[in-house]
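Encoded as structure tokens, the structure appears first; notes follow it.
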Amino acid sequence: MKTLILLLTLLYSLSSFGQSDKKTLLKFDGYYQTDCYTEKGDDEGSQDYLRFYSDGKVISVGTDCEGTTSELKGWFNINADQVGKGDFQIKGRRIFFSTKSMIGIIKYKGRIRKDGEIKLKWKSLINGSRGHDRYKYIAVIGLT
């Protein structure tokens with residue numbers, strides 16, 4: 001009986017280990033955003049946003065650079081139709097996830113740096129393009 005209790009305790013502690021990593025490495029009360037980037041012929045520029053949830057969900061969206069995080073707050077959430085949605089996994093400082101939107105899937109993998117910045121490589125299954133970005137954390141007051 002003692003062996004069974006010890007085994008169950010060990011299994012529980014191992015299963016909760018990854019969950020504590022998520023809570024210490026990521027922040028859930030804001031967004032992660034890329035710097036604004038412009039492509040040839042683009043006057044406004046674009047930037048990408050990620051939002052992580054403590055239950056392992058992640059959402060993504062790309063917007064023009066003129067928008068603010070305050071403007072995103074009203075619609076950038078897990079219930080919005082226009083965002084990509086997925087589940088993330090953390091192993092050590094490595095992070096993996098895919099987001100699926102109305103137009104297709106994008107796969108991400110990367111590293112959470114000690115300063116909280118996330119460096120990600122991505123691959124679009126929509127058009128085959130690939131790239132990499134750095135996402136910086138932006139606190140957003142009043143997120144639900």
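Ligands are numbered from 1 in the order shown, residues from 1 within each chain, and chains are lettered A, B, ... in the order they appear in the structure tokens.
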
### Message
Give me, as a ChimeraX atom specification, all polymer residues having an atom no more than 6 Å from region 39-53 of chain A, counting only C-alpha atoms and skipping those fewer than 6 positions away in the same chain.
### Response
/A:28,31-33,59-65

Output file for the residues above (N, CA and C atoms, as a PDB file, in the first residue's frame):
ATOM      1  N   PHE A  28       0.608  35.363 -18.896  1.00  0.00           N
ATOM      2  CA  PHE A  28      -0.731  35.186 -19.451  1.00  0.00           C
ATOM      3  C   PHE A  28      -1.592  36.441 -19.353  1.00  0.00           C
ATOM      4  N   TYR A  31       0.194  40.303 -24.190  1.00  0.00           N
ATOM      5  CA  TYR A  31       0.464  39.754 -25.516  1.00  0.00           C
ATOM      6  C   TYR A  31       1.965  39.677 -25.743  1.00  0.00           C
ATOM      7  N   TYR A  32       2.339  38.839 -26.678  1.00  0.00           N
ATOM      8  CA  TYR A  32       3.701  38.808 -27.191  1.00  0.00           C
ATOM      9  C   TYR A  32       3.616  39.363 -28.610  1.00  0.00           C
ATOM     10  N   GLN A  33       4.451  40.360 -28.899  1.00  0.00           N
ATOM     11  CA  GLN A  33       4.353  41.028 -30.199  1.00  0.00           C
ATOM     12  C   GLN A  33       5.717  41.101 -30.877  1.00  0.00           C
ATOM     13  N   ILE A  59      -3.322  31.773 -29.079  1.00  0.00           N
ATOM     14  CA  ILE A  59      -3.957  32.385 -30.248  1.00  0.00           C
ATOM     15  C   ILE A  59      -2.950  33.295 -30.936  1.00  0.00           C
ATOM     16  N   SER A  60      -3.167  33.524 -32.241  1.00  0.00           N
ATOM     17  CA  SER A  60      -2.265  34.376 -33.024  1.00  0.00           C
ATOM     18  C   SER A  60      -3.067  35.236 -33.993  1.00  0.00           C
ATOM     19  N   VAL A  61      -2.485  36.381 -34.326  1.00  0.00           N
ATOM     20  CA  VAL A  61      -3.079  37.249 -35.334  1.00  0.00           C
ATOM     21  C   VAL A  61      -1.997  38.179 -35.872  1.00  0.00           C
ATOM     22  N   GLY A  62      -2.123  38.572 -37.119  1.00  0.00           N
ATOM     23  CA  GLY A  62      -1.274  39.594 -37.722  1.00  0.00           C
ATOM     24  C   GLY A  62      -2.108  40.838 -37.969  1.00  0.00           C
ATOM     25  N   THR A  63      -1.539  42.020 -37.707  1.00  0.00           N
ATOM     26  CA  THR A  63      -2.261  43.281 -37.901  1.00  0.00           C
ATOM     27  C   THR A  63      -1.328  44.298 -38.542  1.00  0.00           C
ATOM     28  N   ASP A  64      -1.901  45.444 -38.930  1.00  0.00           N
ATOM     29  CA  ASP A  64      -1.030  46.522 -39.385  1.00  0.00           C
ATOM     30  C   ASP A  64      -0.403  47.189 -38.166  1.00  0.00           C
ATOM     31  N   CYS A  65       0.653  47.918 -38.381  1.00  0.00           N
ATOM     32  CA  CYS A  65       1.424  48.490 -37.272  1.00  0.00           C
ATOM     33  C   CYS A  65       0.767  49.685 -36.613  1.00  0.00           C
TER      34      CYS A  65
END

Backbone-only DSSP, helix (DSSP H, G or I) members of chain A, as a compact mmCIF listing (two decimals) with N, CA and C atoms, in the first residue's frame:
# COMPACT_ATOMS: atom_id res chain seq x y z
N LYS A 2 1.94 1.26 0.82
CA LYS A 2 2.83 2.41 0.86
C LYS A 2 3.48 2.62 -0.50
N THR A 3 3.81 1.54 -1.17
CA THR A 3 4.43 1.64 -2.49
C THR A 3 3.47 2.28 -3.48
N LEU A 4 2.20 1.90 -3.42
CA LEU A 4 1.19 2.47 -4.31
C LEU A 4 1.03 3.97 -4.05
N ILE A 5 0.97 4.37 -2.81
CA ILE A 5 0.83 5.79 -2.47
C ILE A 5 2.06 6.58 -2.95
N LEU A 6 3.24 6.00 -2.74
CA LEU A 6 4.46 6.65 -3.19
C LEU A 6 4.48 6.80 -4.70
N LEU A 7 4.06 5.75 -5.40
CA LEU A 7 4.04 5.78 -6.86
C LEU A 7 3.05 6.83 -7.36
N LEU A 8 1.87 6.88 -6.77
CA LEU A 8 0.87 7.88 -7.17
C LEU A 8 1.36 9.30 -6.90
N THR A 9 2.01 9.51 -5.78
CA THR A 9 2.57 10.82 -5.45
C THR A 9 3.63 11.23 -6.47
N LEU A 10 4.49 10.29 -6.82
CA LEU A 10 5.53 10.56 -7.81
C LEU A 10 4.93 10.89 -9.17
N LEU A 11 3.94 10.13 -9.61
CA LEU A 11 3.29 10.39 -10.90
C LEU A 11 2.62 11.75 -10.91
N TYR A 12 1.96 12.11 -9.81
CA TYR A 12 1.32 13.42 -9.73
C TYR A 12 2.33 14.55 -9.81
N SER A 13 3.44 14.41 -9.11
CA SER A 13 4.44 15.47 -9.12
C SER A 13 5.08 15.60 -10.50
N LEU A 14 5.28 14.49 -11.20
CA LEU A 14 5.83 14.55 -12.55
C LEU A 14 4.84 15.18 -13.52
N SER A 15 3.56 14.86 -13.38
CA SER A 15 2.56 15.42 -14.30
C SER A 15 2.38 16.92 -14.09
N SER A 16 2.59 17.41 -12.89
CA SER A 16 2.42 18.84 -12.63
C SER A 16 3.70 19.62 -12.91
N PHE A 17 4.84 18.92 -13.13
CA PHE A 17 6.10 19.60 -13.38
C PHE A 17 6.03 20.49 -14.61
N GLY A 18 5.53 20.00 -15.73
CA GLY A 18 5.43 20.79 -16.94
C GLY A 18 4.49 21.97 -16.80
N GLN A 19 3.44 21.80 -15.99
CA GLN A 19 2.50 22.88 -15.79
C GLN A 19 3.16 24.05 -15.07
N SER A 20 4.02 23.77 -14.10
CA SER A 20 4.68 24.88 -13.40
C SER A 20 5.65 25.59 -14.34
N ASP A 21 6.27 24.85 -15.27
CA ASP A 21 7.14 25.49 -16.26
C ASP A 21 6.35 26.51 -17.07
N LYS A 22 5.15 26.15 -17.50
CA LYS A 22 4.33 27.06 -18.29
C LYS A 22 4.08 28.34 -17.52
N LYS A 23 3.80 28.20 -16.25
CA LYS A 23 3.44 29.36 -15.44
C LYS A 23 4.63 30.24 -15.12
N THR A 24 5.82 29.68 -15.07
CA THR A 24 6.97 30.50 -14.73
C THR A 24 7.64 31.09 -15.97
N LEU A 25 7.54 30.43 -17.11
CA LEU A 25 8.23 30.91 -18.31
C LEU A 25 7.39 31.87 -19.14
N THR A 69 -2.24 47.89 -28.69
CA THR A 69 -2.66 46.75 -27.88
C THR A 69 -4.01 47.03 -27.22
N SER A 70 -4.31 48.27 -26.94
CA SER A 70 -5.62 48.62 -26.37
C SER A 70 -6.74 48.30 -27.36
N GLU A 71 -6.49 48.53 -28.64
CA GLU A 71 -7.50 48.22 -29.66
C GLU A 71 -7.68 46.71 -29.81
N LEU A 72 -6.61 45.95 -29.63
CA LEU A 72 -6.72 44.49 -29.73
C LEU A 72 -7.55 43.91 -28.59

### Task
Name the residues in contact with Arg134 (chain A) at a cut-off of 12 Å, using only C-alpha atoms, excluding same-chain residues fewer than 5 positions from it; report them as a list in words.
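The contact residues come out as Tyr32, Gln33, Thr34, Asp35, Cys36, Tyr37, Gln47, Asp48, Tyr49, Leu50, Tyr108, Lys109, Gly110, Arg111, Ile112, Arg113, Asp115, Gly116, Glu117, Ile118, Lys119, Leu120, Lys121 and Trp122 of chain A.
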
### Backbone-only DSSP, strand (DSSP E) members of chain A, as a PyMOL selection string
chain A and resi 30-33+46-52+57-64+84-91+94-100+105-112+118-124+130-139

### Query
Just how far from CA of Ser54 (chain A) is CA of Tyr137 (chain A), in Å to one decimal?
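Computed distance, CA of Tyr137 (chain A) to CA of Ser54 (chain A), equals 15.4 Å.
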
### Task
Between CA of Ile106 (chain A) and CA of Gly84 (chain A), measure the distance and give it in Å to one decimal.
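Pair CA of Ile106 (chain A) / CA of Gly84 (chain A) returns 8.4 Å.
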
### Query
Nearest to Leu125 (chain A) among A:Gly56, A:Gly92, A:Gly30, A:Gly104, with distances taken over only C-alpha atoms: which residue is it?
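Result for the nearest residue to Leu125 (chain A): A:Gly104.
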
### Task
Determine the nearest neighbour of Lys73 (chain A) from the options A:Lys85, A:Ile141, A:Lys136, A:Ser124, counting only C-alpha atoms.
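With only C-alpha atoms as the atom set, the closest residue is A:Ile141.
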
### Query
So which one's closest to Lys27 (chain A), A:Trp75, A:Ala80, A:Ala139, A:Asp133? Using only C-alpha atoms, please.
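Distance minimum relative to Lys27 (chain A) lands on A:Ala139.
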
Spatial neighbours of Phe97 (chain A), max dist 7 Å, only C-alpha atoms, sep filter under 4 positions, as a short mmCIF file (atom, residue, chain, number, x, y, z; two decimals) with C-alpha atoms, in the first residue's frame:
data_model
loop_
_atom_site.label_atom_id
_atom_site.label_comp_id
_atom_site.auth_asym_id
_atom_site.auth_seq_id
_atom_site.Cartn_x
_atom_site.Cartn_y
_atom_site.Cartn_z
CA GLY A 86 -3.95 26.03 -31.01
CA ASP A 87 -2.34 24.30 -28.05
CA PHE A 88 1.24 24.88 -26.90
CA GLN A 89 3.76 22.57 -25.26
CA LYS A 107 3.56 25.68 -37.20
CA TYR A 108 5.88 27.30 -34.66
CA LYS A 109 8.85 26.09 -32.66
#

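Interatomic distance, CA of Val58 (chain A) against CA of Thr99 (chain A): 7.5 Å.
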